[in-house]
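So this block is query.cif, mmCIF, C-alpha atoms:
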```
data_target
#
loop_
_atom_site.group_PDB
_atom_site.id
_atom_site.type_symbol
_atom_site.label_atom_id
_atom_site.label_comp_id
_atom_site.auth_asym_id
_atom_site.auth_seq_id
_atom_site.Cartn_x
_atom_site.Cartn_y
_atom_site.Cartn_z
ATOM 1 C CA MET A 1281 68.301 -11.588 122.900
ATOM 2 C CA THR A 1282 66.678 -10.562 119.657
ATOM 3 C CA LEU A 1283 68.643 -8.335 117.322
ATOM 4 C CA ARG A 1284 66.947 -6.198 114.701
ATOM 5 C CA THR A 1285 67.975 -4.704 111.384
ATOM 6 C CA GLY A 1286 69.794 -1.377 111.786
ATOM 7 C CA GLN A 1287 70.868 -2.066 115.359
ATOM 8 C CA ARG A 1288 74.452 -1.275 116.390
ATOM 9 C CA VAL A 1289 76.350 -4.240 117.837
ATOM 10 C CA VAL A 1290 79.856 -5.257 118.905
ATOM 11 C CA LEU A 1291 81.519 -8.666 118.872
ATOM 12 C CA ALA A 1292 81.341 -10.378 122.254
ATOM 13 C CA ALA A 1293 84.570 -12.366 121.701
ATOM 14 C CA ASP A 1294 87.484 -12.615 119.295
ATOM 15 C CA THR A 1295 86.173 -14.272 116.112
ATOM 16 C CA ARG A 1296 88.428 -16.235 113.793
ATOM 17 C CA LEU A 1297 87.450 -15.697 110.142
ATOM 18 C CA THR A 1298 89.924 -17.906 108.269
ATOM 19 C CA ASP A 1299 91.971 -21.027 108.694
ATOM 20 C CA SER A 1300 95.722 -20.633 108.851
ATOM 21 C CA VAL A 1301 97.192 -18.792 105.872
ATOM 22 C CA GLU A 1302 100.248 -20.455 104.335
ATOM 23 C CA VAL A 1303 102.875 -18.963 102.040
ATOM 24 C CA SER A 1304 105.348 -21.431 100.508
ATOM 25 C CA GLY A 1305 104.336 -24.008 103.106
ATOM 26 C CA ILE A 1306 104.949 -21.680 106.048
ATOM 27 C CA VAL A 1307 102.014 -20.649 108.256
ATOM 28 C CA VAL A 1308 101.989 -16.853 108.375
ATOM 29 C CA GLY A 1309 98.818 -16.377 110.423
ATOM 30 C CA PHE A 1310 95.059 -16.204 110.217
ATOM 31 C CA LEU A 1311 92.426 -13.474 110.045
ATOM 32 C CA SER A 1312 90.369 -12.604 113.129
ATOM 33 C CA LEU A 1313 88.118 -9.803 114.288
ATOM 34 C CA ALA A 1314 88.725 -8.581 117.826
ATOM 35 C CA ALA A 1315 86.120 -8.549 120.552
ATOM 36 C CA GLY A 1316 84.502 -5.112 120.695
ATOM 37 C CA THR A 1317 84.629 -4.556 116.915
ATOM 38 C CA GLY A 1318 81.503 -2.570 116.090
ATOM 39 C CA GLY A 1319 79.080 -2.827 113.220
ATOM 40 C CA THR A 1320 75.461 -2.620 112.113
ATOM 41 C CA VAL A 1321 73.003 -5.494 111.716
ATOM 42 C CA GLU A 1322 71.924 -5.674 108.054
ATOM 43 C CA GLN A 1323 69.764 -8.796 108.164
ATOM 44 C CA VAL A 1324 68.171 -11.081 110.755
ATOM 45 C CA VAL A 1325 67.098 -14.599 109.746
ATOM 46 C CA GLY A 1326 65.237 -17.126 111.908
ATOM 47 C CA HIS A 1327 65.876 -20.823 111.316
ATOM 48 C CA GLN A 1328 63.798 -23.762 112.481
ATOM 49 C CA GLU A 1329 66.061 -26.790 112.426
ATOM 50 C CA GLU A 1330 63.825 -29.848 112.618
ATOM 51 C CA SER A 1331 65.219 -33.344 112.970
ATOM 52 C CA ASP A 1332 63.635 -36.349 111.291
ATOM 53 C CA ASP A 1333 62.134 -37.348 114.656
ATOM 54 C CA VAL A 1334 60.500 -33.940 115.056
ATOM 55 C CA ARG A 1335 58.982 -34.061 111.571
ATOM 56 C CA GLU A 1336 57.753 -37.605 112.203
ATOM 57 C CA TYR A 1337 56.231 -36.552 115.543
ATOM 58 C CA GLU A 1338 54.359 -33.692 113.835
ATOM 59 C CA ARG A 1339 53.130 -35.979 111.066
ATOM 60 C CA LEU A 1340 51.935 -38.752 113.369
ATOM 61 C CA LYS A 1341 50.372 -36.347 115.888
ATOM 62 C CA SER A 1342 48.415 -34.706 113.071
ATOM 63 C CA LEU A 1343 47.291 -38.125 111.869
ATOM 64 C CA LEU A 1344 46.136 -39.082 115.371
ATOM 65 C CA ASP A 1345 44.345 -35.764 115.906
ATOM 66 C CA SER A 1346 42.563 -35.988 112.557
ATOM 67 C CA PHE A 1347 41.680 -39.678 112.330
ATOM 68 C CA GLY A 1348 42.333 -41.205 115.769
ATOM 69 C CA ARG A 1349 38.660 -41.576 116.671
ATOM 70 C CA GLU A 1350 37.988 -43.527 113.472
ATOM 71 C CA MET A 1351 40.988 -45.881 113.768
ATOM 72 C CA PRO A 1352 40.771 -49.463 114.996
ATOM 73 C CA THR A 1353 41.765 -49.662 118.678
ATOM 74 C CA GLU A 1354 45.016 -51.571 118.088
ATOM 75 C CA SER A 1355 46.161 -49.221 115.297
ATOM 76 C CA ARG A 1356 45.442 -46.179 117.467
ATOM 77 C CA ARG A 1357 47.346 -47.751 120.388
ATOM 78 C CA GLN A 1358 50.391 -48.426 118.160
ATOM 79 C CA LEU A 1359 50.267 -44.871 116.827
ATOM 80 C CA GLU A 1360 50.066 -43.443 120.350
ATOM 81 C CA GLU A 1361 53.069 -45.548 121.404
ATOM 82 C CA LYS A 1362 55.107 -44.293 118.446
ATOM 83 C CA ILE A 1363 54.142 -40.680 119.251
ATOM 84 C CA ASP A 1364 55.117 -41.232 122.906
ATOM 85 C CA SER A 1365 58.537 -42.551 121.833
ATOM 86 C CA LEU A 1366 59.137 -39.416 119.726
ATOM 87 C CA GLU A 1367 57.939 -36.973 122.388
ATOM 88 C CA PRO A 1368 61.407 -36.346 123.959
ATOM 89 C CA ALA A 1369 62.708 -35.093 120.571
ATOM 90 C CA TRP A 1370 59.637 -32.863 120.213
ATOM 91 C CA THR A 1371 60.027 -31.463 123.742
ATOM 92 C CA ALA A 1372 63.732 -30.705 123.172
ATOM 93 C CA PHE A 1373 62.873 -28.990 119.876
ATOM 94 C CA GLN A 1374 60.255 -26.802 121.576
ATOM 95 C CA GLU A 1375 62.633 -25.836 124.405
ATOM 96 C CA ARG A 1376 65.456 -24.992 122.002
ATOM 97 C CA GLY A 1377 63.356 -22.544 119.995
ATOM 98 C CA PRO A 1378 64.376 -21.046 116.682
ATOM 99 C CA ARG A 1379 68.005 -20.261 115.906
ATOM 100 C CA VAL A 1380 68.592 -16.714 114.748
ATOM 101 C CA SER A 1381 71.491 -15.742 112.505
ATOM 102 C CA VAL A 1382 72.509 -12.251 111.466
ATOM 103 C CA ARG A 1383 74.472 -10.418 108.791
ATOM 104 C CA VAL A 1384 76.612 -7.629 110.256
ATOM 105 C CA ARG A 1385 78.568 -5.004 108.331
ATOM 106 C CA PHE A 1386 81.480 -3.915 110.497
ATOM 107 C CA ASP A 1387 82.779 -0.363 110.566
ATOM 108 C CA ASN A 1388 86.073 -1.616 109.066
ATOM 109 C CA GLY A 1389 84.221 -2.897 105.973
ATOM 110 C CA PHE A 1390 84.130 -6.601 106.794
ATOM 111 C CA ILE A 1391 80.810 -8.424 106.554
ATOM 112 C CA LEU A 1392 80.008 -11.433 108.715
ATOM 113 C CA ASP A 1393 76.993 -13.343 107.403
ATOM 114 C CA GLY A 1394 75.210 -16.304 108.986
ATOM 115 C CA ALA A 1395 76.642 -15.671 112.457
ATOM 116 C CA HIS A 1396 74.631 -16.746 115.503
ATOM 117 C CA GLU A 1397 73.082 -13.743 117.243
ATOM 118 C CA ASP A 1398 74.730 -14.673 120.570
ATOM 119 C CA VAL A 1399 78.123 -13.681 119.122
ATOM 120 C CA PHE A 1400 77.067 -10.014 119.376
ATOM 121 C CA ILE A 1401 76.242 -7.570 122.154
ATOM 122 C CA PRO A 1402 74.050 -4.507 121.530
ATOM 123 C CA ALA A 1403 76.175 -1.357 121.462
#
```
Show me this structure written as structure tokens.
Amino acid sequence: MTLRTGQRVVLAADTRLTDSVEVSGIVVGFLSLAAGTGGTVEQVVGHQEESDDVREYERLKSLLDSFGREMPTESRRQLEEKIDSLEPAWTAFQERGPRVSVRVRFDNGFILDGAHEDVFIPA
């Protein structure tokens, strides 16, 4: 699902906003928003979370593509082996796709920022 700025949404599940609140050492509760609480998307941000292995795969693959034909045979073979060993991380990264977070202003005045888009359902 892709949310967009200005879109009306509701929470898909109860969402806890704080840890337990204590007064004089006694837990008095915590703050949550109930499932179905409505609001408006104010901001949508896409994140690409690359691991070190993914960055290394991109770097080495670029090196091979650019200079592989000019490399000594043994160096090229070693580079190809290293790229092959990093390929599972690259494949998983491609399948996962970008993570999207949103900022939602609820009708009750609360703002939830940096929440994963899957927490919301279009209203």
Evaluated on this file, the PyMOL selection byres ((chain A and resi 1295) around 8) picks out some residues - which ones are they, written as a list of chain:residue names?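 Evaluating the PyMOL selection byres ((chain A and resi 1295) around 8) on this file yields A:Leu1291, A:Ala1293, A:Asp1294, A:Arg1296, A:Leu1297, A:Ser1312, A:Leu1313, A:Ala1314, A:Ala1315.
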Evaluate the PyMOL selection byres ((chain A and resi 1334-1336) around 10) and record the selected residues as a PDB file with C-alpha atoms, in the frame of the given file, following the chain and residue labels used in the document.
```pdb
ATOM      1  CA  GLU A1329      66.061 -26.790 112.426  1.00  0.00           C
ATOM      2  CA  GLU A1330      63.825 -29.848 112.618  1.00  0.00           C
ATOM      3  CA  SER A1331      65.219 -33.344 112.970  1.00  0.00           C
ATOM      4  CA  ASP A1332      63.635 -36.349 111.291  1.00  0.00           C
ATOM      5  CA  ASP A1333      62.134 -37.348 114.656  1.00  0.00           C
ATOM      6  CA  TYR A1337      56.231 -36.552 115.543  1.00  0.00           C
ATOM      7  CA  GLU A1338      54.359 -33.692 113.835  1.00  0.00           C
ATOM      8  CA  ARG A1339      53.130 -35.979 111.066  1.00  0.00           C
ATOM      9  CA  LEU A1340      51.935 -38.752 113.369  1.00  0.00           C
ATOM     10  CA  LYS A1341      50.372 -36.347 115.888  1.00  0.00           C
ATOM     11  CA  SER A1342      48.415 -34.706 113.071  1.00  0.00           C
ATOM     12  CA  LYS A1362      55.107 -44.293 118.446  1.00  0.00           C
ATOM     13  CA  ILE A1363      54.142 -40.680 119.251  1.00  0.00           C
ATOM     14  CA  LEU A1366      59.137 -39.416 119.726  1.00  0.00           C
ATOM     15  CA  GLU A1367      57.939 -36.973 122.388  1.00  0.00           C
ATOM     16  CA  PRO A1368      61.407 -36.346 123.959  1.00  0.00           C
ATOM     17  CA  ALA A1369      62.708 -35.093 120.571  1.00  0.00           C
ATOM     18  CA  TRP A1370      59.637 -32.863 120.213  1.00  0.00           C
ATOM     19  CA  THR A1371      60.027 -31.463 123.742  1.00  0.00           C
ATOM     20  CA  ALA A1372      63.732 -30.705 123.172  1.00  0.00           C
ATOM     21  CA  PHE A1373      62.873 -28.990 119.876  1.00  0.00           C
ATOM     22  CA  GLN A1374      60.255 -26.802 121.576  1.00  0.00           C
TER      23      GLN A1374
END
```
When the PyMOL selection byres ((chain A and resi 1299) around 6) is applied to the structure above, which residues does it catch, written out as number ranges by chain? A: 1298, 1300, 1310
Export C-alpha atoms of the chosen residues as a tab-separated table (two decimals), keeping the file's coordinate frame?
```
chain	number	residue	atom	x	y	z
A	1298	THR	CA	89.92	-17.91	108.27
A	1300	SER	CA	95.72	-20.63	108.85
A	1310	PHE	CA	95.06	-16.20	110.22
```
Compile a residue-level contact table for region 1298-1326 of chain A against region 1385-1390 of chain A at a cut-off of 7 Å, reporting for every qualifying residue the shortest atom pair and its distance in Å to one decimal, with only C-alpha atoms counted, rows ordered by chain and ascending number, as CSV.
```
residue,atom,partner,partner_atom,distance
A:Gly1318,CA,A:Phe1386,CA,5.8
A:Gly1319,CA,A:Phe1386,CA,3.8
A:Thr1320,CA,A:Arg1385,CA,5.4
A:Val1321,CA,A:Arg1385,CA,6.5
A:Glu1322,CA,A:Arg1385,CA,6.7
```
Please give the centre and size of the box around region 1298-1308 of chain A (axis-aligned, containing every atom listed in the file, 4 Å added per side), with values in Å to one decimal and written as lines of an AutoDock Vina configuration file.
```
center_x = 97.6
center_y = -20.4
center_z = 104.7
size_x = 23.4
size_y = 15.2
size_z = 16.3
```
All heavy atoms modelled onto region 1338-1349 of chain A, as a PDB file, in the coordinates of the input:
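The result, stored in result-v4.pdb:
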```pdb
ATOM      1  N   GLU A1338      55.406 -34.593 114.343  1.00  0.00           N
ATOM      2  CA  GLU A1338      54.359 -33.692 113.835  1.00  0.00           C
ATOM      3  C   GLU A1338      53.402 -34.423 112.898  1.00  0.00           C
ATOM      4  O   GLU A1338      52.186 -34.231 112.970  1.00  0.00           O
ATOM      5  CB  GLU A1338      54.995 -32.505 113.105  1.00  0.00           C
ATOM      6  CG  GLU A1338      55.718 -31.551 114.021  1.00  0.00           C
ATOM      7  CD  GLU A1338      56.461 -30.465 113.262  1.00  0.00           C
ATOM      8  OE1 GLU A1338      57.032 -30.755 112.177  1.00  0.00           O
ATOM      9  OE2 GLU A1338      56.458 -29.320 113.748  1.00  0.00           O
ATOM     10  N   ARG A1339      53.957 -35.243 112.035  1.00  0.00           N
ATOM     11  CA  ARG A1339      53.130 -35.979 111.066  1.00  0.00           C
ATOM     12  C   ARG A1339      52.192 -36.956 111.769  1.00  0.00           C
ATOM     13  O   ARG A1339      50.987 -36.985 111.507  1.00  0.00           O
ATOM     14  CB  ARG A1339      54.036 -36.720 110.076  1.00  0.00           C
ATOM     15  CG  ARG A1339      53.301 -37.398 108.932  1.00  0.00           C
ATOM     16  CD  ARG A1339      54.263 -38.172 108.041  1.00  0.00           C
ATOM     17  NE  ARG A1339      54.739 -39.390 108.650  1.00  0.00           N
ATOM     18  CZ  ARG A1339      54.028 -40.528 108.721  1.00  0.00           C
ATOM     19  NH1 ARG A1339      52.814 -40.571 108.226  1.00  0.00           N
ATOM     20  NH2 ARG A1339      54.539 -41.601 109.281  1.00  0.00           N
ATOM     21  N   LEU A1340      52.745 -37.750 112.685  1.00  0.00           N
ATOM     22  CA  LEU A1340      51.935 -38.752 113.369  1.00  0.00           C
ATOM     23  C   LEU A1340      50.908 -38.124 114.310  1.00  0.00           C
ATOM     24  O   LEU A1340      49.778 -38.602 114.416  1.00  0.00           O
ATOM     25  CB  LEU A1340      52.837 -39.723 114.142  1.00  0.00           C
ATOM     26  CG  LEU A1340      53.759 -40.586 113.285  1.00  0.00           C
ATOM     27  CD1 LEU A1340      54.651 -41.453 114.178  1.00  0.00           C
ATOM     28  CD2 LEU A1340      52.976 -41.420 112.293  1.00  0.00           C
ATOM     29  N   LYS A1341      51.301 -37.041 114.978  1.00  0.00           N
ATOM     30  CA  LYS A1341      50.372 -36.347 115.888  1.00  0.00           C
ATOM     31  C   LYS A1341      49.201 -35.785 115.093  1.00  0.00           C
ATOM     32  O   LYS A1341      48.041 -35.869 115.529  1.00  0.00           O
ATOM     33  CB  LYS A1341      51.117 -35.243 116.636  1.00  0.00           C
ATOM     34  CG  LYS A1341      50.295 -34.543 117.676  1.00  0.00           C
ATOM     35  CD  LYS A1341      50.108 -35.412 118.884  1.00  0.00           C
ATOM     36  CE  LYS A1341      49.524 -34.590 120.019  1.00  0.00           C
ATOM     37  NZ  LYS A1341      48.296 -35.155 120.536  1.00  0.00           N
ATOM     38  N   SER A1342      49.477 -35.220 113.932  1.00  0.00           N
ATOM     39  CA  SER A1342      48.415 -34.706 113.071  1.00  0.00           C
ATOM     40  C   SER A1342      47.492 -35.834 112.621  1.00  0.00           C
ATOM     41  O   SER A1342      46.262 -35.676 112.602  1.00  0.00           O
ATOM     42  CB  SER A1342      49.026 -34.003 111.863  1.00  0.00           C
ATOM     43  OG  SER A1342      48.020 -33.590 110.981  1.00  0.00           O
ATOM     44  N   LEU A1343      48.073 -36.958 112.280  1.00  0.00           N
ATOM     45  CA  LEU A1343      47.291 -38.125 111.869  1.00  0.00           C
ATOM     46  C   LEU A1343      46.375 -38.586 113.009  1.00  0.00           C
ATOM     47  O   LEU A1343      45.180 -38.837 112.805  1.00  0.00           O
ATOM     48  CB  LEU A1343      48.225 -39.253 111.439  1.00  0.00           C
ATOM     49  CG  LEU A1343      47.591 -40.547 110.973  1.00  0.00           C
ATOM     50  CD1 LEU A1343      46.820 -40.323 109.671  1.00  0.00           C
ATOM     51  CD2 LEU A1343      48.663 -41.611 110.763  1.00  0.00           C
ATOM     52  N   LEU A1344      46.924 -38.667 114.210  1.00  0.00           N
ATOM     53  CA  LEU A1344      46.136 -39.082 115.371  1.00  0.00           C
ATOM     54  C   LEU A1344      45.018 -38.083 115.664  1.00  0.00           C
ATOM     55  O   LEU A1344      43.874 -38.469 115.911  1.00  0.00           O
ATOM     56  CB  LEU A1344      47.034 -39.251 116.596  1.00  0.00           C
ATOM     57  CG  LEU A1344      46.335 -39.680 117.890  1.00  0.00           C
ATOM     58  CD1 LEU A1344      45.740 -41.078 117.729  1.00  0.00           C
ATOM     59  CD2 LEU A1344      47.316 -39.637 119.050  1.00  0.00           C
ATOM     60  N   ASP A1345      45.347 -36.789 115.629  1.00  0.00           N
ATOM     61  CA  ASP A1345      44.345 -35.764 115.906  1.00  0.00           C
ATOM     62  C   ASP A1345      43.221 -35.776 114.873  1.00  0.00           C
ATOM     63  O   ASP A1345      42.058 -35.548 115.210  1.00  0.00           O
ATOM     64  CB  ASP A1345      44.991 -34.376 115.949  1.00  0.00           C
ATOM     65  CG  ASP A1345      45.924 -34.204 117.142  1.00  0.00           C
ATOM     66  OD1 ASP A1345      45.866 -35.038 118.075  1.00  0.00           O
ATOM     67  OD2 ASP A1345      46.717 -33.239 117.129  1.00  0.00           O
ATOM     68  N   SER A1346      43.552 -36.039 113.630  1.00  0.00           N
ATOM     69  CA  SER A1346      42.563 -35.988 112.557  1.00  0.00           C
ATOM     70  C   SER A1346      41.728 -37.267 112.444  1.00  0.00           C
ATOM     71  O   SER A1346      40.530 -37.205 112.173  1.00  0.00           O
ATOM     72  CB  SER A1346      43.243 -35.733 111.209  1.00  0.00           C
ATOM     73  OG  SER A1346      43.893 -34.485 111.219  1.00  0.00           O
ATOM     74  N   PHE A1347      42.363 -38.416 112.615  1.00  0.00           N
ATOM     75  CA  PHE A1347      41.680 -39.678 112.330  1.00  0.00           C
ATOM     76  C   PHE A1347      41.680 -40.667 113.490  1.00  0.00           C
ATOM     77  O   PHE A1347      41.210 -41.797 113.323  1.00  0.00           O
ATOM     78  CB  PHE A1347      42.338 -40.352 111.108  1.00  0.00           C
ATOM     79  CG  PHE A1347      42.298 -39.502 109.879  1.00  0.00           C
ATOM     80  CD1 PHE A1347      43.456 -38.871 109.430  1.00  0.00           C
ATOM     81  CD2 PHE A1347      41.122 -39.304 109.175  1.00  0.00           C
ATOM     82  CE1 PHE A1347      43.438 -38.077 108.297  1.00  0.00           C
ATOM     83  CE2 PHE A1347      41.088 -38.513 108.039  1.00  0.00           C
ATOM     84  CZ  PHE A1347      42.249 -37.893 107.597  1.00  0.00           C
ATOM     85  N   GLY A1348      42.214 -40.283 114.645  1.00  0.00           N
ATOM     86  CA  GLY A1348      42.333 -41.205 115.769  1.00  0.00           C
ATOM     87  C   GLY A1348      41.028 -41.829 116.221  1.00  0.00           C
ATOM     88  O   GLY A1348      40.969 -43.014 116.556  1.00  0.00           O
ATOM     89  N   ARG A1349      39.956 -41.056 116.220  1.00  0.00           N
ATOM     90  CA  ARG A1349      38.660 -41.576 116.671  1.00  0.00           C
ATOM     91  C   ARG A1349      38.116 -42.646 115.735  1.00  0.00           C
ATOM     92  O   ARG A1349      37.344 -43.498 116.149  1.00  0.00           O
ATOM     93  CB  ARG A1349      37.654 -40.429 116.801  1.00  0.00           C
ATOM     94  CG  ARG A1349      37.949 -39.490 117.964  1.00  0.00           C
ATOM     95  CD  ARG A1349      36.885 -38.418 118.103  1.00  0.00           C
ATOM     96  NE  ARG A1349      36.731 -37.596 116.898  1.00  0.00           N
ATOM     97  CZ  ARG A1349      37.466 -36.536 116.601  1.00  0.00           C
ATOM     98  NH1 ARG A1349      38.395 -36.146 117.434  1.00  0.00           N
ATOM     99  NH2 ARG A1349      37.271 -35.855 115.491  1.00  0.00           N
TER     100      ARG A1349
END
```
